[in-house]
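Okay, protein-v9.txt now, which holds compact mmCIF, C-alpha atoms:
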# COMPACT_ATOMS: atom_id res chain seq x y z
CA MET A 7 31.11 -13.73 -53.69
CA ALA A 8 28.12 -15.75 -54.80
CA VAL A 9 24.77 -14.10 -55.25
CA SER A 10 23.26 -16.92 -53.20
CA ASP A 11 24.93 -15.74 -50.00
CA GLN A 12 22.16 -14.48 -47.72
CA LYS A 13 24.10 -11.48 -46.42
CA VAL A 14 24.70 -7.89 -47.36
CA ASP A 15 27.63 -7.51 -49.74
CA ALA A 16 28.17 -3.81 -49.17
CA VAL A 17 26.56 -0.84 -47.46
CA GLY A 18 27.41 2.68 -48.52
CA ILE A 19 26.25 6.26 -48.20
CA ASP A 20 26.22 8.50 -51.25
CA HIS A 21 26.48 12.10 -50.08
CA ALA A 22 25.45 13.44 -53.50
CA THR A 23 21.98 11.86 -53.25
CA GLY A 24 21.86 11.33 -49.49
CA SER A 25 20.89 7.71 -50.10
CA VAL A 26 22.06 4.58 -48.40
CA VAL A 27 23.09 2.09 -51.07
CA LEU A 28 23.01 -1.64 -50.37
CA THR A 29 24.98 -3.44 -53.05
CA ILE A 30 24.45 -6.93 -54.40
CA LEU A 31 27.56 -8.18 -56.16
CA ASP A 32 26.37 -10.63 -58.78
CA ALA A 33 29.14 -12.55 -60.50
CA GLN A 34 27.05 -15.58 -61.47
CA ASP A 35 26.71 -16.54 -65.14
CA TRP A 36 23.32 -16.71 -66.93
CA GLU A 37 23.52 -20.29 -68.19
CA ASP A 38 20.50 -21.17 -66.08
CA GLU A 39 18.38 -17.98 -66.19
CA ARG A 40 15.67 -19.28 -63.89
CA GLU A 41 18.09 -20.40 -61.19
CA HIS A 42 19.96 -17.11 -61.39
CA LEU A 43 16.77 -15.04 -61.06
CA LEU A 44 15.59 -17.15 -58.13
CA ALA A 45 18.92 -16.60 -56.40
CA LEU A 46 18.63 -12.86 -57.00
CA GLN A 47 15.05 -12.86 -55.75
CA ALA A 48 16.15 -14.60 -52.54
CA LYS A 49 18.92 -12.12 -52.07
CA VAL A 50 16.67 -9.08 -52.67
CA ASN A 51 14.13 -10.52 -50.21
CA ALA A 52 16.91 -10.99 -47.65
CA TYR A 53 17.84 -7.33 -48.12
CA PHE A 54 14.18 -6.29 -47.65
CA SER A 55 14.12 -8.22 -44.35
CA TYR A 56 17.38 -6.67 -43.28
CA ILE A 57 15.99 -3.17 -43.91
CA GLN A 58 12.48 -3.71 -42.56
CA GLY A 59 13.74 -5.57 -39.50
CA ARG A 60 15.86 -2.45 -38.80
CA GLU A 61 19.01 -4.57 -38.54
CA LEU A 62 20.51 -2.18 -41.09
CA TYR A 63 20.10 0.77 -38.72
CA GLU A 64 21.44 -1.18 -35.74
CA ASP A 65 24.52 -2.30 -37.66
CA TYR A 66 25.09 1.06 -39.38
CA PRO A 67 23.42 3.88 -37.41
CA GLN A 68 24.59 6.45 -40.00
CA THR A 69 22.07 5.02 -42.48
CA ASP A 70 18.91 5.72 -40.45
CA GLY A 71 16.39 8.08 -42.04
CA ARG A 72 17.93 8.00 -45.52
CA PRO A 73 16.30 6.85 -48.77
CA VAL A 74 17.34 3.27 -49.52
CA VAL A 75 18.65 2.01 -52.86
CA ILE A 76 19.51 -1.62 -53.59
CA ASN A 77 22.04 -1.64 -56.42
CA ILE A 78 22.77 -4.89 -58.26
CA ILE A 79 26.25 -4.83 -59.79
CA GLN A 80 26.66 -7.53 -62.42
CA ARG A 81 29.77 -8.86 -64.10
CA LEU A 82 27.95 -10.13 -67.17
CA ASP A 83 25.30 -8.57 -69.39
CA PRO A 84 21.92 -9.90 -68.19
CA PRO A 85 19.22 -11.35 -70.48
CA GLU A 86 15.89 -9.63 -71.15
CA ALA A 87 14.27 -11.63 -68.37
CA PHE A 88 16.34 -9.64 -65.89
CA GLU A 89 14.65 -6.39 -67.00
CA ARG A 90 11.27 -7.93 -66.21
CA PHE A 91 12.62 -9.14 -62.86
CA LEU A 92 13.90 -5.66 -62.05
CA ASN A 93 10.55 -4.03 -62.88
CA ALA A 94 8.66 -6.56 -60.79
CA ALA A 95 11.08 -6.15 -57.90
CA ASN A 96 10.66 -2.36 -58.04
CA ASP A 97 6.88 -2.77 -57.91
CA VAL A 98 7.32 -4.63 -54.62
CA ALA A 99 9.99 -2.25 -53.35
CA ALA A 100 8.19 1.03 -54.08
CA PRO A 101 5.68 0.81 -51.17
CA LEU A 102 8.65 0.14 -48.88
CA ASP A 103 10.37 3.33 -50.11
CA ILE A 104 13.15 1.29 -51.62
CA THR A 105 14.50 1.68 -55.16
CA ILE A 106 16.29 -1.14 -56.96
CA THR A 107 18.85 -0.31 -59.64
CA ALA A 108 21.28 -2.38 -61.67
CA GLN A 109 24.51 -1.83 -63.54
CA VAL A 110 27.01 -3.97 -65.37
CA PHE A 111 30.68 -3.69 -64.60
CA GLU A 112 33.03 -6.00 -66.45
CA GLY A 113 36.23 -4.66 -64.91
CA GLY A 114 37.94 -7.87 -64.08
CA SER A 115 37.15 -11.45 -63.32
CA ALA A 116 34.50 -12.48 -60.84
CA PRO A 117 35.37 -11.82 -57.19
CA MET B 21 77.62 5.74 -55.92
CA ASP B 22 76.61 2.95 -58.26
CA ARG B 23 76.93 4.42 -61.75
CA THR B 24 73.98 2.42 -63.03
CA LEU B 25 71.68 4.48 -60.82
CA SER B 26 70.58 8.00 -61.53
CA SER B 27 71.37 10.24 -58.58
CA PRO B 28 68.53 10.72 -56.13
CA THR B 29 67.09 14.20 -55.95
CA VAL B 30 67.97 16.02 -52.75
CA MET B 31 65.75 19.08 -52.34
CA GLY B 32 66.33 22.19 -50.27
CA SER B 33 63.75 23.27 -47.71
CA ALA B 34 62.70 26.60 -49.27
CA ASP B 35 59.28 26.97 -50.90
CA ARG B 36 57.91 23.68 -49.72
CA ARG B 37 54.24 23.12 -50.29
CA SER B 38 51.74 22.17 -47.62
CA LEU B 39 48.87 19.69 -47.82
CA TYR B 40 45.85 20.28 -50.05
CA PRO B 41 42.74 21.65 -48.25
CA GLU B 42 40.62 19.42 -46.05
CA ILE B 43 37.93 17.47 -47.90
CA GLU B 44 35.06 15.22 -46.89
CA PRO B 45 34.14 11.90 -48.56
CA TYR B 46 31.38 12.01 -51.17
CA SER B 47 30.57 8.42 -50.26
CA PHE B 48 31.58 5.88 -47.69
CA GLY B 49 30.54 2.37 -46.74
CA TRP B 50 31.36 -1.13 -45.63
CA LEU B 51 32.23 -3.99 -47.97
CA ALA B 52 31.85 -7.65 -46.98
CA THR B 53 34.83 -9.91 -47.71
CA GLY B 54 33.07 -13.25 -47.71
CA GLY B 55 34.69 -14.13 -44.38
CA PRO B 56 34.45 -12.62 -40.92
CA HIS B 57 35.74 -9.20 -42.01
CA GLU B 58 34.02 -6.17 -43.48
CA LEU B 59 36.00 -3.23 -44.76
CA TYR B 60 35.27 0.45 -44.18
CA TYR B 61 36.00 2.60 -47.23
CA GLU B 62 35.68 6.23 -48.35
CA GLU B 63 35.65 7.95 -51.72
CA CYS B 64 36.83 11.56 -51.92
CA GLY B 65 37.66 14.12 -54.59
CA ASN B 66 36.35 14.02 -58.13
CA PRO B 67 34.12 10.99 -58.95
CA ASP B 68 35.24 11.33 -62.58
CA GLY B 69 38.90 11.83 -61.72
CA ALA B 70 41.82 9.44 -62.04
CA PRO B 71 41.33 6.60 -59.53
CA MET B 72 43.81 6.22 -56.68
CA VAL B 73 43.76 3.78 -53.76
CA VAL B 74 45.45 4.84 -50.54
CA LEU B 75 47.04 2.09 -48.43
CA HIS B 76 47.63 2.90 -44.79
CA GLY B 77 50.56 1.75 -42.70
CA GLY B 78 51.10 -0.67 -39.87
CA PRO B 79 49.87 -3.23 -40.71
CA GLY B 80 47.30 -2.36 -38.10
CA GLY B 81 47.12 1.42 -38.65
CA ALA B 82 44.05 3.17 -40.01
CA ILE B 83 43.06 5.85 -42.47
CA ASN B 84 42.63 9.43 -41.26
CA PRO B 85 41.45 12.71 -42.82
CA THR B 86 45.02 13.93 -43.43
CA MET B 87 45.58 11.09 -45.91
CA ARG B 88 42.98 12.64 -48.24
CA ARG B 89 45.07 15.77 -48.53
CA PHE B 90 48.03 14.49 -50.55
CA PHE B 91 45.98 14.75 -53.74
CA ASP B 92 44.49 17.43 -55.98
CA ALA B 93 40.83 16.69 -55.26
CA SER B 94 39.74 18.18 -58.59
CA LYS B 95 41.78 15.60 -60.49
CA TRP B 96 41.81 12.44 -58.38
CA ARG B 97 39.09 10.02 -57.34
CA ILE B 98 40.63 9.06 -54.01
CA VAL B 99 39.66 5.74 -52.42
CA LEU B 100 40.76 5.02 -48.86
CA PHE B 101 39.96 1.98 -46.76
CA ASP B 102 40.73 0.50 -43.37
CA GLN B 103 42.48 -2.85 -43.76
CA ARG B 104 41.19 -5.97 -41.96
CA GLY B 105 40.83 -5.41 -38.23
CA CYS B 106 41.78 -1.73 -38.51
CA GLY B 107 40.02 1.60 -37.90
CA LYS B 108 36.32 1.37 -38.68
CA SER B 109 36.58 -2.06 -40.34
CA ARG B 110 35.02 -4.85 -38.35
CA PRO B 111 35.73 -6.88 -36.26
CA ASN B 112 38.40 -4.64 -34.73
CA ALA B 113 41.90 -6.03 -34.12
CA SER B 114 40.98 -9.47 -35.49
CA LEU B 115 43.83 -11.67 -36.70
CA GLU B 116 41.58 -14.29 -38.27
CA ASP B 117 42.18 -14.71 -42.00
CA ASN B 118 44.31 -11.58 -41.88
CA THR B 119 47.37 -11.94 -44.12
CA THR B 120 49.17 -9.95 -46.81
CA TRP B 121 47.39 -12.03 -49.43
CA SER B 122 43.91 -11.54 -48.00
CA LEU B 123 44.59 -7.79 -48.02
CA VAL B 124 45.78 -7.93 -51.65
CA GLU B 125 42.51 -9.62 -52.58
CA ASP B 126 40.57 -7.03 -50.56
CA ILE B 127 42.07 -4.31 -52.76
CA GLU B 128 40.82 -6.21 -55.81
CA ARG B 129 37.42 -6.73 -54.18
CA LEU B 130 37.12 -3.02 -53.50
CA ARG B 131 38.23 -2.09 -57.03
CA LYS B 132 35.56 -4.31 -58.54
CA HIS B 133 32.90 -3.09 -56.13
CA LEU B 134 33.59 0.53 -57.10
CA GLY B 135 33.61 -0.24 -60.82
CA ILE B 136 37.21 0.85 -61.31
CA THR B 137 39.17 -0.78 -64.13
CA LYS B 138 42.64 0.42 -63.15
CA TRP B 139 44.01 2.66 -60.44
CA ALA B 140 47.15 4.14 -58.99
CA THR B 141 48.38 3.11 -55.55
CA PHE B 142 49.73 5.32 -52.76
CA GLY B 143 51.27 3.86 -49.65
CA GLY B 144 53.80 4.62 -46.94
CA SER B 145 55.69 2.23 -44.67
CA TRP B 146 53.61 -0.98 -44.56
CA GLY B 147 51.43 0.77 -47.15
CA SER B 148 54.46 0.64 -49.48
CA THR B 149 54.85 -3.10 -48.82
CA LEU B 150 51.21 -3.72 -49.57
CA ALA B 151 51.25 -1.48 -52.65
CA LEU B 152 54.17 -3.50 -54.03
CA ALA B 153 52.57 -6.85 -53.11
CA TYR B 154 49.37 -5.76 -54.87
CA ALA B 155 51.18 -4.44 -57.93
CA VAL B 156 53.29 -7.57 -58.47
CA THR B 157 50.15 -9.71 -58.11
CA HIS B 158 47.87 -7.59 -60.31
CA PRO B 159 50.19 -5.43 -62.44
CA GLU B 160 47.52 -5.07 -65.13
CA ARG B 161 45.36 -3.10 -62.68
CA VAL B 162 47.97 -0.53 -61.65
CA THR B 163 48.56 2.78 -63.45
CA GLY B 164 51.18 4.19 -61.09
CA ILE B 165 52.83 3.54 -57.72
CA ILE B 166 53.70 6.26 -55.22
CA LEU B 167 55.64 5.04 -52.19
CA ARG B 168 57.01 6.62 -49.04
CA GLY B 169 59.17 5.14 -46.26
CA ILE B 170 59.97 1.92 -48.08
CA PHE B 171 59.50 -1.28 -46.11
CA LEU B 172 60.23 -4.59 -47.83
CA LEU B 173 59.43 -6.60 -44.72
CA THR B 174 62.77 -8.41 -44.54
CA GLN B 175 64.34 -9.97 -41.49
CA ARG B 176 67.12 -7.40 -41.71
CA GLU B 177 64.62 -4.54 -41.37
CA LEU B 178 62.76 -6.24 -38.52
CA LYS B 179 65.98 -6.99 -36.67
CA TRP B 180 67.06 -3.37 -37.06
CA PHE B 181 63.87 -1.97 -35.59
CA TYR B 182 62.84 -4.57 -33.01
CA GLN B 183 66.11 -6.12 -31.89
CA ASP B 184 69.33 -4.26 -32.44
CA GLY B 185 69.84 -1.05 -34.38
CA ALA B 186 67.23 1.62 -33.81
CA SER B 187 67.71 0.98 -30.09
CA MET B 188 71.14 2.64 -30.37
CA LEU B 189 69.60 5.87 -31.65
CA PHE B 190 66.67 5.89 -29.23
CA PRO B 191 67.91 4.26 -25.98
CA ASP B 192 65.35 6.25 -23.98
CA ALA B 193 62.41 4.94 -26.00
CA TRP B 194 63.99 1.46 -26.18
CA GLU B 195 64.06 1.34 -22.40
CA ARG B 196 60.27 1.74 -22.39
CA PHE B 197 59.86 -0.81 -25.21
CA LYS B 198 61.77 -3.60 -23.47
CA ARG B 199 60.23 -3.01 -20.03
CA PRO B 200 57.26 -5.45 -20.39
CA ILE B 201 59.57 -8.25 -21.58
CA PRO B 202 61.65 -10.24 -19.02
CA LYS B 203 65.41 -10.40 -19.69
CA THR B 204 65.16 -14.13 -20.44
CA GLU B 205 62.92 -13.42 -23.45
CA ARG B 206 64.65 -10.39 -24.92
CA ALA B 207 66.75 -12.34 -27.43
CA ASP B 208 63.65 -12.42 -29.65
CA MET B 209 61.50 -9.38 -28.95
CA ILE B 210 58.96 -10.01 -31.74
CA SER B 211 58.18 -13.51 -30.43
CA ALA B 212 58.02 -12.24 -26.85
CA TYR B 213 55.57 -9.50 -27.84
CA HIS B 214 53.59 -11.88 -30.05
CA ARG B 215 52.91 -14.17 -27.06
CA ARG B 216 51.55 -11.25 -25.07
CA LEU B 217 49.59 -9.60 -27.88
CA THR B 218 47.78 -12.86 -28.63
CA HIS B 219 47.21 -13.65 -24.94
CA PRO B 220 43.52 -14.16 -24.06
CA ASP B 221 43.77 -11.66 -21.16
CA ARG B 222 43.04 -8.21 -22.61
CA LYS B 223 44.98 -6.54 -19.79
CA ILE B 224 48.17 -8.35 -20.85
CA GLN B 225 47.45 -7.47 -24.48
CA ALA B 226 46.89 -3.81 -23.58
CA GLU B 227 50.13 -3.46 -21.62
CA ALA B 228 52.17 -4.97 -24.44
CA ALA B 229 50.25 -3.00 -27.08
CA ALA B 230 50.94 0.31 -25.35
CA ALA B 231 54.70 -0.32 -25.25
CA TRP B 232 54.78 -1.66 -28.83
CA SER B 233 52.86 1.30 -30.24
CA GLN B 234 54.75 3.91 -28.28
CA TRP B 235 58.08 2.55 -29.53
CA GLU B 236 57.01 3.21 -33.10
CA GLY B 237 55.37 6.52 -32.16
CA ASP B 238 58.59 7.66 -30.45
CA THR B 239 60.79 6.88 -33.43
CA ILE B 240 58.57 7.94 -36.31
CA SER B 241 59.64 11.57 -36.56
CA ILE B 242 63.00 13.20 -36.89
CA ARG B 243 61.90 15.26 -33.87
CA GLY B 244 62.01 12.12 -31.70
CA PRO B 245 59.79 10.92 -28.82
CA GLU B 246 58.60 14.47 -28.14
CA ALA B 247 56.72 14.33 -31.45
CA ARG B 248 54.92 11.02 -30.73
CA PRO B 249 51.50 11.29 -32.48
CA PRO B 250 48.67 11.19 -29.86
CA LYS B 251 46.93 8.22 -31.53
CA PHE B 252 49.79 5.96 -30.40
CA ASN B 253 48.60 6.53 -26.82
CA GLU B 254 44.99 5.49 -27.52
CA VAL B 255 44.26 2.02 -26.11
CA ASP B 256 41.94 0.80 -28.89
CA PHE B 257 44.25 2.04 -31.64
CA ALA B 258 47.29 0.58 -29.86
CA ILE B 259 45.74 -2.87 -29.46
CA ALA B 260 44.71 -3.16 -33.11
CA PHE B 261 47.99 -1.67 -34.31
CA ALA B 262 50.27 -3.81 -32.14
CA ARG B 263 48.36 -7.09 -32.49
CA ILE B 264 48.08 -6.92 -36.26
CA GLU B 265 51.58 -5.57 -36.86
CA CYS B 266 53.21 -8.17 -34.62
CA HIS B 267 51.07 -10.94 -36.19
CA PHE B 268 52.36 -10.01 -39.65
CA PHE B 269 55.98 -9.71 -38.50
CA ALA B 270 55.95 -12.97 -36.53
CA ASN B 271 54.72 -14.59 -39.76
CA ARG B 272 57.40 -12.84 -41.85
CA GLY B 273 54.80 -10.96 -43.84
CA PHE B 274 53.35 -14.23 -45.14
CA PHE B 275 55.95 -14.14 -47.93
CA ASP B 276 57.41 -17.37 -49.32
CA GLU B 277 60.95 -16.36 -48.46
CA ASP B 278 62.91 -13.48 -46.98
CA GLY B 279 63.37 -10.79 -49.62
CA TRP B 280 60.58 -12.21 -51.79
CA LEU B 281 59.09 -8.83 -52.64
CA LEU B 282 62.29 -7.40 -54.08
CA LYS B 283 62.67 -10.41 -56.36
CA GLN B 284 59.28 -9.67 -57.92
CA ILE B 285 60.10 -6.09 -58.97
CA PRO B 286 60.86 -7.00 -62.63
CA LYS B 287 57.10 -7.61 -62.99
CA ILE B 288 56.30 -3.93 -62.36
CA ARG B 289 59.21 -2.03 -63.86
CA HIS B 290 56.98 -0.83 -66.71
CA ILE B 291 54.63 0.92 -64.25
CA PRO B 292 55.46 4.56 -63.46
CA GLY B 293 56.80 4.75 -59.92
CA TRP B 294 57.77 7.42 -57.38
CA ILE B 295 59.79 6.67 -54.24
CA VAL B 296 60.03 9.25 -51.45
CA GLN B 297 62.27 8.52 -48.49
CA GLY B 298 63.41 10.44 -45.41
CA ARG B 299 67.20 10.41 -45.04
CA PHE B 300 66.89 9.91 -41.27
CA ASP B 301 64.06 7.39 -41.30
CA VAL B 302 64.75 5.14 -38.32
CA VAL B 303 61.66 2.92 -38.66
CA THR B 304 62.34 1.90 -42.26
CA PRO B 305 65.92 2.99 -43.02
CA LEU B 306 66.94 4.37 -46.38
CA GLU B 307 68.74 1.16 -47.39
CA SER B 308 65.43 -0.47 -48.43
CA ALA B 309 64.42 2.45 -50.65
CA TRP B 310 67.89 2.43 -52.16
CA THR B 311 67.69 -1.29 -52.86
CA LEU B 312 64.23 -0.90 -54.37
CA LYS B 313 65.44 1.91 -56.63
CA SER B 314 68.35 -0.31 -57.71
CA ALA B 315 65.91 -3.03 -58.72
CA TRP B 316 63.56 -0.52 -60.36
CA PRO B 317 65.80 2.02 -62.11
CA GLU B 318 62.88 3.51 -64.06
CA SER B 319 61.27 4.82 -60.86
CA LYS B 320 61.78 8.37 -59.63
CA PHE B 321 63.60 8.53 -56.33
CA GLU B 322 63.73 11.44 -53.91
CA ILE B 323 65.59 11.51 -50.61
CA VAL B 324 64.27 14.15 -48.23
CA TRP B 325 67.38 15.29 -46.42
CA ASP B 326 65.69 16.54 -43.24
CA ALA B 327 62.98 13.94 -42.63
CA GLY B 328 62.38 10.74 -40.73
CA HIS B 329 59.58 8.26 -41.31
CA ALA B 330 56.38 10.27 -40.80
CA SER B 331 54.29 11.21 -43.83
CA THR B 332 53.55 14.58 -42.24
CA GLU B 333 57.13 15.85 -42.12
CA PRO B 334 57.37 19.01 -44.27
CA GLY B 335 59.84 17.67 -46.81
CA ILE B 336 57.92 14.41 -47.19
CA ILE B 337 54.64 16.25 -47.77
CA ASP B 338 56.24 18.44 -50.41
CA ALA B 339 57.79 15.48 -52.25
CA LEU B 340 54.57 13.45 -52.14
CA LEU B 341 52.49 16.35 -53.46
CA ARG B 342 54.84 16.75 -56.39
CA ALA B 343 54.66 13.01 -57.02
CA THR B 344 50.84 12.86 -57.01
CA ASP B 345 50.63 15.96 -59.22
CA GLU B 346 52.97 14.31 -61.70
CA ALA B 347 51.26 10.92 -61.49
CA VAL B 348 47.84 12.28 -62.37
CA LYS B 349 49.22 13.45 -65.72
CA VAL B 350 50.52 9.99 -66.65
Hey, can you dump this file as structure tokens for me?
Amino acid sequence: MAVSDQKVDAVGIDHATGSVVLTILDAQDWEDEREHLLALQAKVNAYFSYIQGRELYEDYPQTDGRPVVINIIQRLDPPEAFERFLNAANDVAAPLDITITAQVFEGGSAP
Amino acid sequence: MDRTLSSPTVMGSADRRSLYPEIEPYSFGWLATGGPHELYYEECGNPDGAPMVVLHGGPGGAINPTMRRFFDASKWRIVLFDQRGCGKSRPNASLEDNTTWSLVEDIERLRKHLGITKWATFGGSWGSTLALAYAVTHPERVTGIILRGIFLLTQRELKWFYQDGASMLFPDAWERFKRPIPKTERADMISAYHRRLTHPDRKIQAEAAAAWSQWEGDTISIRGPEARPPKFNEVDFAIAFARIECHFFANRGFFDEDGWLLKQIPKIRHIPGWIVQGRFDVVTPLESAWTLKSAWPESKFEIVWDAGHASTEPGIIDALLRATDEAVKV
């Protein structure tokens, strides 16, 4: 699944934290850093709209009232620029009560 | 008995174990597939335990809380999901882009999403078919295979259950199964049902789905139609179950040729395997398990002498619990 798809890749509820976790599955390579970050930015913005427009709660009523985490799962180790992107994205997300996290999982080829 | 095979274990009924205690998921969610489907999944047990994916039957069935209870929750990280069109996956009962191979790729998609490198598979009936199809396609991702009620999705098995065979053991239930189909169409029951289950009129679908589902519900247990599980009477379950199951069978499982799955077994003989089969399984008769064991002599094979097809029959539960306990140590 390409990171450029403007849809939600996965929605989950973590009972340990009580959070709703919206996942972005990012299998794109980092050959063109700028293009990759722009695609991620578009996707994160689409997720913000999905949450703020309350579509999330209409599609998945179980998620209403829970803290929201957007988790970016990447297949490849990101460059330093991604750290800066993540910090900037969290600055925007914090007033919306949304946390953005990231992790790398290399378990297999891209989806 | 073929001397190249080790004898199957035939257990007595004393001291059988019952299911592990009820557990709730520690997480659940929906995963997009990139097409029209999204998959409902649950994670139960120990997040740091050995990963296991549970594959439900049908095709067209759904996961349920009992399926979580075949595993020691302190040792396994148990992942369950509703296959395309099933249970809480959406859209319900959809046949679009719904094939064996799209389901195999869904298993991979889910594995990657959950950050799991390798996992064991657990499946009964159609779940055994799918577990084998997944394992022969991605053997490097599979640590163990636990199967119950083996179904290789061959024409011989389909003919036995939907045309001529099981009908001789359950003439009462067969009478109900053939009722919606006119005599002129009964020479090919799967095709006749397929026309009705894909009919645009939901009323026609529902009537056919009820009869299709009840036939399987009536024959699933060694206790016969009196033990039909209540879910087989539920309209929504029946429509999804019957439509999807019939779609797969009318398309011969989307395999290249009849018996394709069995020919692939050499690819997975190195993977630890457990086969559990009810002696009096009418839905997926013992012959398929026997044939599978013949092709996979390294696997452990247990015939439960007093069981039919259902996973909840006492002897089947006991054998599956022993298998999962053993598998977690591998």
Give me, as a CSV table (one decimal) with C-alpha atoms, in the frame of the given file, the contact residues of chain B against chain A at a cut-off of 6 Å, counting all atoms listed in the file.
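What ended up in out.csv:
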chain,number,residue,atom,x,y,z
B,46,TYR,CA,31.4,12.0,-51.2
B,47,SER,CA,30.6,8.4,-50.3
B,48,PHE,CA,31.6,5.9,-47.7
B,49,GLY,CA,30.5,2.4,-46.7
B,50,TRP,CA,31.4,-1.1,-45.6
B,51,LEU,CA,32.2,-4.0,-48.0
B,52,ALA,CA,31.8,-7.6,-47.0
B,135,GLY,CA,33.6,-0.2,-60.8
B,137,THR,CA,39.2,-0.8,-64.1
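Closest approach to B:Ala140 among B:Gln183, B:Pro286, B:Lys108, B:Val73: B:Val73, based on only C-alpha atoms.
Counting all atoms listed in the file, the residue from B:Glu42, B:Asp126, B:Asp102, B:Glu307 that sits nearest to B:Gly54 is B:Asp126.
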Item checked: Shell of 9 Å around B:Ala315, all atoms listed in the file, local chain residues under 6 positions omitted, as JSON, numbers by chain -> {"B": [282, 283, 285, 286, 289]}
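Here atom CA of B:His76 is placed at a distance of 28.5 Å from atom CA of A:Asn77.
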Notebook entry, point to check: How far is it from atom CA of B:His267 to atom CA of B:Ile170, in Å with one decimal?
Noted result: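 Atom CA of B:Ile170 lies 19.6 Å from atom CA of B:His267.
Atom CA of B:Ala193 is found 10.7 Å from atom CA of B:Arg248.
Residue neighbourhood of stretch 96-98 of chain B, excluding near-sequence residues (fewer than 4 positions): B:Pro45, B:Glu62, B:Glu63, B:Cys64, B:Gly65, B:Asn66, B:Pro67, B:Asp68, B:Gly69, B:Ala70, B:Pro71, B:Met72, B:Val73, B:Val74, B:Met87, B:Arg88, B:Arg89, B:Phe90, B:Phe91, B:Asp92, B:Trp139, B:Ala140, B:Thr141, B:Phe142, B:Thr344, B:Asp345, B:Val348, at 10 Å, using only C-alpha atoms.
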Next item on the list: For each of B:Gly107, B:Pro191, B:Pro245, B:Pro41, take the minimum atom-to-atom distance to B:Ser94, counting all atoms listed in the file, then give the residue where this is smallest.
Entry: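 Between B:Gly107, B:Pro191, B:Pro245, B:Pro41, the residue approaching B:Ser94 most closely is B:Pro41.
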Next item on the list: Identify, on the basis of all atoms listed in the file, every residue whose closest approach to A:Tyr53 does not exceed 9 Å; exclude the query and any residue fewer than 2 positions from it along the same chain; express the result as a VMD selection string.
Entry: chain A and resid 12 to 14 28 48 to 51 55 to 58 76
Next item on the list: Could you check which of B:Glu125, B:Glu44, B:Glu265, B:Asp192 is closest to B:Trp146, using only C-alpha atoms?
Entry: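 Answer, going by the shortest atom-to-atom distance: B:Glu265.
You can rank A:Asp35, A:Leu44, A:Val98, A:Ile104 by their closest distance to A:Arg72 using all atoms listed in the file, and at the top of that list sits A:Ile104.
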Notebook entry, point to check: With all atoms listed in the file as the atoms that count, which of B:Ala330, B:Arg161, B:Ala270, B:Tyr40 lies nearest to B:Pro249?
Noted result: B:Ala330
